[in-house]
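A short write-up of the structure that comes next.
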Amino acid sequence: MDANEKHINQSWCSANGGVLEHRTKYGTYVDCLTEIYAVEVEFDYNWKESIGQSLHYAEATNKKPAVLIIKRAKSKKDYLREFNQTIDKFNLPITVFIVDEK
């Protein structure tokens with residue numbers, strides 16, 4: 001997690017009453033664990049990785065899977081569209097939150 005991603009995670013997680021870097025029973029770390037969600041935080045171009053991680057963290061914590069996508073202004077591609085199409089196509093139970101990179 002780079003410094004900008006870490007800062008965005010800290011701000012979002014704090015604003016949503018979450019716990020940062022929650023350690024699971026498997027020894028993996030959820031970026032932000034809220035009362036409802038196990039949240040994986042990723043830049044838009046890493047959306048593919050976030051699917052597996054969010055599902056794993058949800059299973060490990062008995063929470064709902066979620067991804068906080070950091071949308072970059074310099075992205076040349078609509079990664080969010082690809083991400084949402086994949087979620088819809090396979091009916092994945094992943095909640096998507098979006099923030100703009102600062």
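Ordering of the structure tokens sets the chain letters (A, B, ...), residue numbers begin anew at 1 in every chain, and ligands are numbered from 1 in the order given.
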Residues at most 10 Å from region 50-63 of chain A, counting only C-alpha atoms, excluding those fewer than 5 positions away in the same chain, as a VMD selection string? chain A and resid 22 to 45 68 to 69 83 86 to 87 92 to 95
Any chance you can output those residues with N, CA and C atoms as a tab-separated table (two decimals), in the first residue's frame?
```tsv
chain	number	residue	atom	x	y	z
A	22	HIS	N	-7.05	-4.85	10.26
A	22	HIS	CA	-7.53	-5.91	11.15
A	22	HIS	C	-6.92	-7.24	10.73
A	23	ARG	N	-6.31	-7.94	11.68
A	23	ARG	CA	-5.67	-9.23	11.39
A	23	ARG	C	-6.72	-10.34	11.46
A	24	THR	N	-6.79	-11.15	10.41
A	24	THR	CA	-7.77	-12.23	10.35
A	24	THR	C	-7.21	-13.50	11.00
A	25	LYS	N	-8.06	-14.49	11.11
A	25	LYS	CA	-7.65	-15.79	11.67
A	25	LYS	C	-6.61	-16.48	10.79
A	26	TYR	N	-6.48	-16.04	9.54
A	26	TYR	CA	-5.49	-16.60	8.61
A	26	TYR	C	-4.17	-15.84	8.63
A	27	GLY	N	-4.12	-14.76	9.41
A	27	GLY	CA	-2.92	-13.94	9.44
A	27	GLY	C	-2.85	-12.92	8.33
A	28	THR	N	-3.95	-12.76	7.59
A	28	THR	CA	-4.01	-11.72	6.55
A	28	THR	C	-4.61	-10.47	7.18
A	29	TYR	N	-4.49	-9.35	6.48
A	29	TYR	CA	-4.93	-8.07	7.04
A	29	TYR	C	-5.99	-7.41	6.17
A	30	VAL	N	-7.13	-7.12	6.79
A	30	VAL	CA	-8.20	-6.39	6.12
A	30	VAL	C	-7.83	-4.91	6.19
A	31	ASP	N	-7.90	-4.20	5.07
A	31	ASP	CA	-7.54	-2.78	5.07
A	31	ASP	C	-8.41	-1.99	6.05
A	32	CYS	N	-9.71	-2.26	6.04
A	32	CYS	CA	-10.63	-1.57	6.96
A	32	CYS	C	-11.79	-2.51	7.29
A	33	LEU	N	-12.00	-2.74	8.57
A	33	LEU	CA	-13.09	-3.60	9.02
A	33	LEU	C	-14.13	-2.73	9.73
A	34	THR	N	-15.32	-2.65	9.15
A	34	THR	CA	-16.40	-1.89	9.77
A	34	THR	C	-17.38	-2.87	10.42
A	35	GLU	N	-18.41	-2.34	11.01
A	35	GLU	CA	-19.41	-3.19	11.65
A	35	GLU	C	-20.04	-4.15	10.64
A	36	ILE	N	-20.16	-3.70	9.40
A	36	ILE	CA	-20.84	-4.49	8.36
A	36	ILE	C	-19.88	-5.10	7.35
A	37	TYR	N	-18.83	-4.37	6.98
A	37	TYR	CA	-17.99	-4.74	5.84
A	37	TYR	C	-16.54	-5.05	6.17
A	38	ALA	N	-15.97	-5.97	5.38
A	38	ALA	CA	-14.53	-6.18	5.31
A	38	ALA	C	-14.11	-5.50	4.01
A	39	VAL	N	-13.39	-4.39	4.12
A	39	VAL	CA	-13.12	-3.53	2.97
A	39	VAL	C	-11.67	-3.66	2.49
A	40	GLU	N	-11.53	-3.95	1.22
A	40	GLU	CA	-10.23	-3.94	0.54
A	40	GLU	C	-10.12	-2.60	-0.17
A	41	VAL	N	-8.99	-1.93	-0.01
A	41	VAL	CA	-8.77	-0.62	-0.63
A	41	VAL	C	-7.78	-0.77	-1.76
A	42	GLU	N	-8.16	-0.33	-2.96
A	42	GLU	CA	-7.29	-0.45	-4.13
A	42	GLU	C	-7.48	0.73	-5.08
A	43	PHE	N	-6.41	1.07	-5.79
A	43	PHE	CA	-6.53	2.00	-6.90
A	43	PHE	C	-7.34	1.34	-8.00
A	44	ASP	N	-7.98	2.13	-8.82
A	44	ASP	CA	-8.88	1.61	-9.86
A	44	ASP	C	-8.23	0.55	-10.75
A	45	TYR	N	-6.97	0.71	-11.10
A	45	TYR	CA	-6.32	-0.24	-12.01
A	45	TYR	C	-6.07	-1.60	-11.36
A	68	LEU	N	-13.14	-0.45	-1.63
A	68	LEU	CA	-13.06	1.00	-1.77
A	68	LEU	C	-12.11	1.24	-2.93
A	69	ILE	N	-12.68	1.69	-4.04
A	69	ILE	CA	-11.90	1.97	-5.24
A	69	ILE	C	-11.45	3.43	-5.22
A	83	PHE	N	-14.95	-3.23	-13.68
A	83	PHE	CA	-15.15	-3.81	-12.36
A	83	PHE	C	-16.64	-4.11	-12.13
A	86	THR	N	-18.02	-6.99	-14.24
A	86	THR	CA	-17.62	-8.29	-13.71
A	86	THR	C	-18.48	-8.67	-12.51
A	87	ILE	N	-18.69	-7.73	-11.61
A	87	ILE	CA	-19.54	-7.98	-10.44
A	87	ILE	C	-20.95	-8.36	-10.88
A	92	LEU	N	-21.71	-11.12	-8.05
A	92	LEU	CA	-20.86	-11.13	-6.86
A	92	LEU	C	-21.44	-10.22	-5.79
A	93	PRO	N	-21.39	-10.65	-4.53
A	93	PRO	CA	-22.00	-9.88	-3.45
A	93	PRO	C	-21.07	-8.80	-2.89
A	94	ILE	N	-20.39	-8.09	-3.76
A	94	ILE	CA	-19.39	-7.10	-3.34
A	94	ILE	C	-19.97	-5.70	-3.43
A	95	THR	N	-19.91	-4.98	-2.31
A	95	THR	CA	-20.32	-3.57	-2.29
A	95	THR	C	-19.12	-2.74	-2.73
```
List every residue of region 12-97 of chain A that DSSP, applied to the backbone of this structure, assigns to strand (DSSP E or B), and report them as number ranges by chain. A: 19-23, 29-33, 37-43, 64-71, 95-97
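What separates CA of Phe90 (chain A) from CA of Lys48 (chain A) is a distance of 13.5 Å.
Between CA of Cys13 (chain A) and CA of Ile70 (chain A) lies a distance of 13.3 Å.
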Using only C-alpha atoms, can you tell me which of A:Trp47, A:Lys77, A:Val67, A:Asp88 comes closest to Trp12 (chain A)? A:Val67
Fewer than 6 positions away in the same chain doesn't count, so skip those; otherwise give me all residues within 8 Å of Asp100 (chain A), counting only C-alpha atoms, as a PyMOL selection string. chain A and resi 70-73
Put those residues in a file: all heavy atoms, as a PDB file, in the first residue's frame.
```pdb
ATOM      1  N   ILE A  70     -10.159   3.625  -5.396  1.00  0.00           N
ATOM      2  CA  ILE A  70      -9.608   4.975  -5.482  1.00  0.00           C
ATOM      3  C   ILE A  70      -9.495   5.312  -6.964  1.00  0.00           C
ATOM      4  O   ILE A  70      -8.687   4.731  -7.686  1.00  0.00           O
ATOM      5  CB  ILE A  70      -8.234   5.074  -4.807  1.00  0.00           C
ATOM      6  CG1 ILE A  70      -8.318   4.607  -3.348  1.00  0.00           C
ATOM      7  CG2 ILE A  70      -7.695   6.500  -4.916  1.00  0.00           C
ATOM      8  CD1 ILE A  70      -6.979   4.358  -2.698  1.00  0.00           C
ATOM      9  N   LYS A  71     -10.360   6.206  -7.405  1.00  0.00           N
ATOM     10  CA  LYS A  71     -10.415   6.576  -8.821  1.00  0.00           C
ATOM     11  C   LYS A  71      -9.357   7.647  -9.097  1.00  0.00           C
ATOM     12  O   LYS A  71      -9.379   8.723  -8.511  1.00  0.00           O
ATOM     13  CB  LYS A  71     -11.819   7.097  -9.153  1.00  0.00           C
ATOM     14  CG  LYS A  71     -12.090   7.165 -10.603  1.00  0.00           C
ATOM     15  CD  LYS A  71     -13.552   7.455 -10.865  1.00  0.00           C
ATOM     16  CE  LYS A  71     -13.745   7.555 -12.350  1.00  0.00           C
ATOM     17  NZ  LYS A  71     -15.058   7.970 -12.717  1.00  0.00           N
ATOM     18  N   ARG A  72      -8.461   7.315  -9.999  1.00  0.00           N
ATOM     19  CA  ARG A  72      -7.372   8.239 -10.342  1.00  0.00           C
ATOM     20  C   ARG A  72      -7.782   9.130 -11.511  1.00  0.00           C
ATOM     21  O   ARG A  72      -8.324   8.641 -12.502  1.00  0.00           O
ATOM     22  CB  ARG A  72      -6.108   7.464 -10.720  1.00  0.00           C
ATOM     23  CG  ARG A  72      -5.571   6.592  -9.606  1.00  0.00           C
ATOM     24  CD  ARG A  72      -4.473   5.659 -10.072  1.00  0.00           C
ATOM     25  NE  ARG A  72      -4.835   5.027 -11.326  1.00  0.00           N
ATOM     26  CZ  ARG A  72      -4.033   4.947 -12.384  1.00  0.00           C
ATOM     27  NH1 ARG A  72      -2.820   5.429 -12.355  1.00  0.00           N
ATOM     28  NH2 ARG A  72      -4.440   4.359 -13.483  1.00  0.00           N
ATOM     29  N   ALA A  73      -7.493  10.398 -11.391  1.00  0.00           N
ATOM     30  CA  ALA A  73      -7.817  11.357 -12.457  1.00  0.00           C
ATOM     31  C   ALA A  73      -7.038  11.040 -13.727  1.00  0.00           C
ATOM     32  O   ALA A  73      -7.533  11.240 -14.837  1.00  0.00           O
ATOM     33  CB  ALA A  73      -7.512  12.777 -11.991  1.00  0.00           C
TER      34      ALA A  73
END
```
Got a sec to tell me which of region 25-67 of chain A DSSP assigns to helix (DSSP H, G or I), as an mmCIF file with all heavy atoms, in the first residue's frame?
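Okay, result_10.cif is ready:
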```
data_model
loop_
_atom_site.group_PDB
_atom_site.id
_atom_site.type_symbol
_atom_site.label_atom_id
_atom_site.label_comp_id
_atom_site.auth_asym_id
_atom_site.auth_seq_id
_atom_site.Cartn_x
_atom_site.Cartn_y
_atom_site.Cartn_z
ATOM 1 N N ASP A 44 -7.977 2.133 -8.825
ATOM 2 C CA ASP A 44 -8.880 1.613 -9.856
ATOM 3 C C ASP A 44 -8.232 0.552 -10.749
ATOM 4 O O ASP A 44 -8.862 -0.443 -11.087
ATOM 5 C CB ASP A 44 -9.474 2.743 -10.699
ATOM 6 C CG ASP A 44 -8.446 3.709 -11.282
ATOM 7 O OD1 ASP A 44 -7.219 3.484 -11.141
ATOM 8 O OD2 ASP A 44 -8.884 4.711 -11.879
ATOM 9 N N TYR A 45 -6.970 0.712 -11.105
ATOM 10 C CA TYR A 45 -6.321 -0.240 -12.009
ATOM 11 C C TYR A 45 -6.069 -1.602 -11.356
ATOM 12 O O TYR A 45 -5.764 -2.571 -12.048
ATOM 13 C CB TYR A 45 -5.015 0.329 -12.584
ATOM 14 C CG TYR A 45 -3.981 0.670 -11.535
ATOM 15 C CD1 TYR A 45 -3.073 -0.284 -11.095
ATOM 16 C CD2 TYR A 45 -3.905 1.953 -10.991
ATOM 17 C CE1 TYR A 45 -2.117 0.017 -10.133
ATOM 18 C CE2 TYR A 45 -2.962 2.269 -10.030
ATOM 19 C CZ TYR A 45 -2.080 1.302 -9.606
ATOM 20 O OH TYR A 45 -1.146 1.609 -8.647
ATOM 21 N N ASN A 46 -6.205 -1.713 -10.043
ATOM 22 C CA ASN A 46 -6.015 -2.986 -9.333
ATOM 23 C C ASN A 46 -7.338 -3.651 -8.972
ATOM 24 O O ASN A 46 -7.388 -4.489 -8.081
ATOM 25 C CB ASN A 46 -5.203 -2.767 -8.046
ATOM 26 C CG ASN A 46 -3.723 -2.733 -8.299
ATOM 27 O OD1 ASN A 46 -3.248 -3.246 -9.296
ATOM 28 N ND2 ASN A 46 -2.992 -2.125 -7.397
ATOM 29 N N TRP A 47 -8.400 -3.303 -9.664
ATOM 30 C CA TRP A 47 -9.718 -3.826 -9.306
ATOM 31 C C TRP A 47 -9.779 -5.350 -9.343
ATOM 32 O O TRP A 47 -10.471 -5.961 -8.555
ATOM 33 C CB TRP A 47 -10.805 -3.207 -10.183
ATOM 34 C CG TRP A 47 -10.761 -3.603 -11.629
ATOM 35 C CD1 TRP A 47 -10.140 -2.930 -12.640
ATOM 36 C CD2 TRP A 47 -11.356 -4.759 -12.222
ATOM 37 N NE1 TRP A 47 -10.308 -3.609 -13.831
ATOM 38 C CE2 TRP A 47 -11.057 -4.735 -13.602
ATOM 39 C CE3 TRP A 47 -12.116 -5.819 -11.731
ATOM 40 C CZ2 TRP A 47 -11.496 -5.724 -14.486
ATOM 41 C CZ3 TRP A 47 -12.548 -6.803 -12.614
ATOM 42 C CH2 TRP A 47 -12.236 -6.742 -13.973
ATOM 43 N N LYS A 48 -9.019 -5.966 -10.256
ATOM 44 C CA LYS A 48 -9.082 -7.427 -10.383
ATOM 45 C C LYS A 48 -8.600 -8.117 -9.102
ATOM 46 O O LYS A 48 -9.192 -9.096 -8.654
ATOM 47 C CB LYS A 48 -8.266 -7.889 -11.587
ATOM 48 C CG LYS A 48 -8.851 -7.426 -12.922
ATOM 49 C CD LYS A 48 -7.960 -7.841 -14.064
ATOM 50 C CE LYS A 48 -7.550 -6.784 -15.017
ATOM 51 N NZ LYS A 48 -7.130 -5.500 -14.572
ATOM 52 N N GLU A 49 -7.534 -7.606 -8.519
ATOM 53 C CA GLU A 49 -7.014 -8.170 -7.269
ATOM 54 C C GLU A 49 -8.008 -7.997 -6.127
ATOM 55 O O GLU A 49 -8.113 -8.839 -5.240
ATOM 56 C CB GLU A 49 -5.699 -7.486 -6.886
ATOM 57 C CG GLU A 49 -4.563 -7.776 -7.823
ATOM 58 C CD GLU A 49 -3.308 -6.995 -7.441
ATOM 59 O OE1 GLU A 49 -3.227 -6.458 -6.316
ATOM 60 O OE2 GLU A 49 -2.402 -6.926 -8.280
ATOM 61 N N SER A 50 -8.725 -6.889 -6.144
ATOM 62 C CA SER A 50 -9.612 -6.560 -5.023
ATOM 63 C C SER A 50 -10.780 -7.534 -4.878
ATOM 64 O O SER A 50 -11.290 -7.734 -3.782
ATOM 65 C CB SER A 50 -10.142 -5.129 -5.162
ATOM 66 O OG SER A 50 -11.056 -5.013 -6.233
ATOM 67 N N ILE A 51 -11.191 -8.162 -5.972
ATOM 68 C CA ILE A 51 -12.316 -9.106 -5.911
ATOM 69 C C ILE A 51 -11.979 -10.279 -4.991
ATOM 70 O O ILE A 51 -12.708 -10.576 -4.046
ATOM 71 C CB ILE A 51 -12.707 -9.598 -7.317
ATOM 72 C CG1 ILE A 51 -13.348 -8.457 -8.108
ATOM 73 C CG2 ILE A 51 -13.655 -10.790 -7.228
ATOM 74 C CD1 ILE A 51 -13.626 -8.783 -9.561
ATOM 75 N N GLY A 52 -10.884 -10.941 -5.257
ATOM 76 C CA GLY A 52 -10.488 -12.087 -4.445
ATOM 77 C C GLY A 52 -10.201 -11.718 -3.009
ATOM 78 O O GLY A 52 -10.615 -12.413 -2.071
ATOM 79 N N GLN A 53 -9.509 -10.607 -2.820
ATOM 80 C CA GLN A 53 -9.168 -10.194 -1.459
ATOM 81 C C GLN A 53 -10.424 -9.851 -0.657
ATOM 82 O O GLN A 53 -10.543 -10.251 0.503
ATOM 83 C CB GLN A 53 -8.207 -9.005 -1.487
ATOM 84 C CG GLN A 53 -6.805 -9.437 -1.887
ATOM 85 C CD GLN A 53 -5.859 -8.266 -1.954
ATOM 86 O OE1 GLN A 53 -5.868 -7.511 -2.910
ATOM 87 N NE2 GLN A 53 -5.053 -8.116 -0.926
ATOM 88 N N SER A 54 -11.356 -9.135 -1.260
ATOM 89 C CA SER A 54 -12.565 -8.753 -0.511
ATOM 90 C C SER A 54 -13.385 -9.981 -0.125
ATOM 91 O O SER A 54 -13.915 -10.060 0.985
ATOM 92 C CB SER A 54 -13.414 -7.750 -1.299
ATOM 93 O OG SER A 54 -13.957 -8.337 -2.464
ATOM 94 N N LEU A 55 -13.480 -10.951 -1.020
ATOM 95 C CA LEU A 55 -14.218 -12.179 -0.709
ATOM 96 C C LEU A 55 -13.514 -12.977 0.392
ATOM 97 O O LEU A 55 -14.158 -13.505 1.304
ATOM 98 C CB LEU A 55 -14.406 -13.028 -1.965
ATOM 99 C CG LEU A 55 -15.311 -12.426 -3.045
ATOM 100 C CD1 LEU A 55 -15.239 -13.269 -4.314
ATOM 101 C CD2 LEU A 55 -16.744 -12.277 -2.560
ATOM 102 N N HIS A 56 -12.205 -13.057 0.325
ATOM 103 C CA HIS A 56 -11.427 -13.762 1.357
ATOM 104 C C HIS A 56 -11.604 -13.087 2.718
ATOM 105 O O HIS A 56 -11.860 -13.750 3.726
ATOM 106 C CB HIS A 56 -9.944 -13.798 0.967
ATOM 107 C CG HIS A 56 -9.046 -14.166 2.102
ATOM 108 N ND1 HIS A 56 -9.012 -15.431 2.663
ATOM 109 C CD2 HIS A 56 -8.177 -13.414 2.813
ATOM 110 C CE1 HIS A 56 -8.142 -15.442 3.660
ATOM 111 N NE2 HIS A 56 -7.619 -14.234 3.761
ATOM 112 N N TYR A 57 -11.472 -11.758 2.760
ATOM 113 C CA TYR A 57 -11.592 -11.040 4.032
ATOM 114 C C TYR A 57 -12.999 -11.174 4.612
ATOM 115 O O TYR A 57 -13.168 -11.272 5.819
ATOM 116 C CB TYR A 57 -11.242 -9.564 3.864
ATOM 117 C CG TYR A 57 -9.809 -9.316 3.451
ATOM 118 C CD1 TYR A 57 -9.474 -8.229 2.676
ATOM 119 C CD2 TYR A 57 -8.781 -10.173 3.842
ATOM 120 C CE1 TYR A 57 -8.162 -7.988 2.300
ATOM 121 C CE2 TYR A 57 -7.473 -9.950 3.467
ATOM 122 C CZ TYR A 57 -7.165 -8.848 2.703
ATOM 123 O OH TYR A 57 -5.871 -8.617 2.332
ATOM 124 N N ALA A 58 -14.002 -11.184 3.748
ATOM 125 C CA ALA A 58 -15.381 -11.342 4.212
ATOM 126 C C ALA A 58 -15.565 -12.715 4.860
ATOM 127 O O ALA A 58 -16.164 -12.827 5.939
ATOM 128 C CB ALA A 58 -16.348 -11.158 3.052
ATOM 129 N N GLU A 59 -15.037 -13.742 4.227
ATOM 130 C CA GLU A 59 -15.140 -15.091 4.794
ATOM 131 C C GLU A 59 -14.396 -15.169 6.118
ATOM 132 O O GLU A 59 -14.882 -15.743 7.095
ATOM 133 C CB GLU A 59 -14.576 -16.117 3.800
ATOM 134 C CG GLU A 59 -14.734 -17.572 4.238
ATOM 135 C CD GLU A 59 -13.691 -18.050 5.234
ATOM 136 O OE1 GLU A 59 -12.531 -17.608 5.151
ATOM 137 O OE2 GLU A 59 -14.054 -18.866 6.101
ATOM 138 N N ALA A 60 -13.225 -14.572 6.182
ATOM 139 C CA ALA A 60 -12.373 -14.647 7.369
ATOM 140 C C ALA A 60 -12.943 -13.879 8.559
ATOM 141 O O ALA A 60 -12.623 -14.194 9.707
ATOM 142 C CB ALA A 60 -10.979 -14.123 7.042
ATOM 143 N N THR A 61 -13.787 -12.882 8.299
ATOM 144 C CA THR A 61 -14.301 -12.028 9.373
ATOM 145 C C THR A 61 -15.811 -12.156 9.582
ATOM 146 O O THR A 61 -16.359 -11.532 10.475
ATOM 147 C CB THR A 61 -13.988 -10.551 9.069
ATOM 148 O OG1 THR A 61 -14.617 -10.185 7.838
ATOM 149 C CG2 THR A 61 -12.487 -10.298 9.010
#
```
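Closest approach to Ala66 (chain A) among A:Ile8, A:Val19, A:Leu80, A:Val96 is made by A:Val96 (distances from only C-alpha atoms).
Straight-line separation from CA of His7 (chain A) to CA of Lys64 (chain A): 23.1 Å.
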Got a sec: who's within 9 Å of Asn4 (chain A), counting only C-alpha atoms, leaving out chain neighbours fewer than 5 positions off, as a short mmCIF file (atom, residue, chain, number, x, y, z; two decimals) with N, CA, C and O atoms, in the first residue's frame?
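Writing the result to selection-v2.cif gives the following:
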```
data_model
loop_
_atom_site.label_atom_id
_atom_site.label_comp_id
_atom_site.auth_asym_id
_atom_site.auth_seq_id
_atom_site.Cartn_x
_atom_site.Cartn_y
_atom_site.Cartn_z
N ASN A 9 -7.12 5.35 2.85
CA ASN A 9 -7.70 4.28 3.67
C ASN A 9 -7.93 4.76 5.10
O ASN A 9 -9.00 4.55 5.66
N GLU A 101 -8.98 10.14 -6.07
CA GLU A 101 -7.62 10.35 -5.57
C GLU A 101 -7.41 11.84 -5.34
O GLU A 101 -7.84 12.66 -6.14
N LYS A 102 -6.76 12.16 -4.27
CA LYS A 102 -6.55 13.57 -3.94
C LYS A 102 -5.17 14.03 -4.34
O LYS A 102 -4.26 13.32 -4.43
#
```
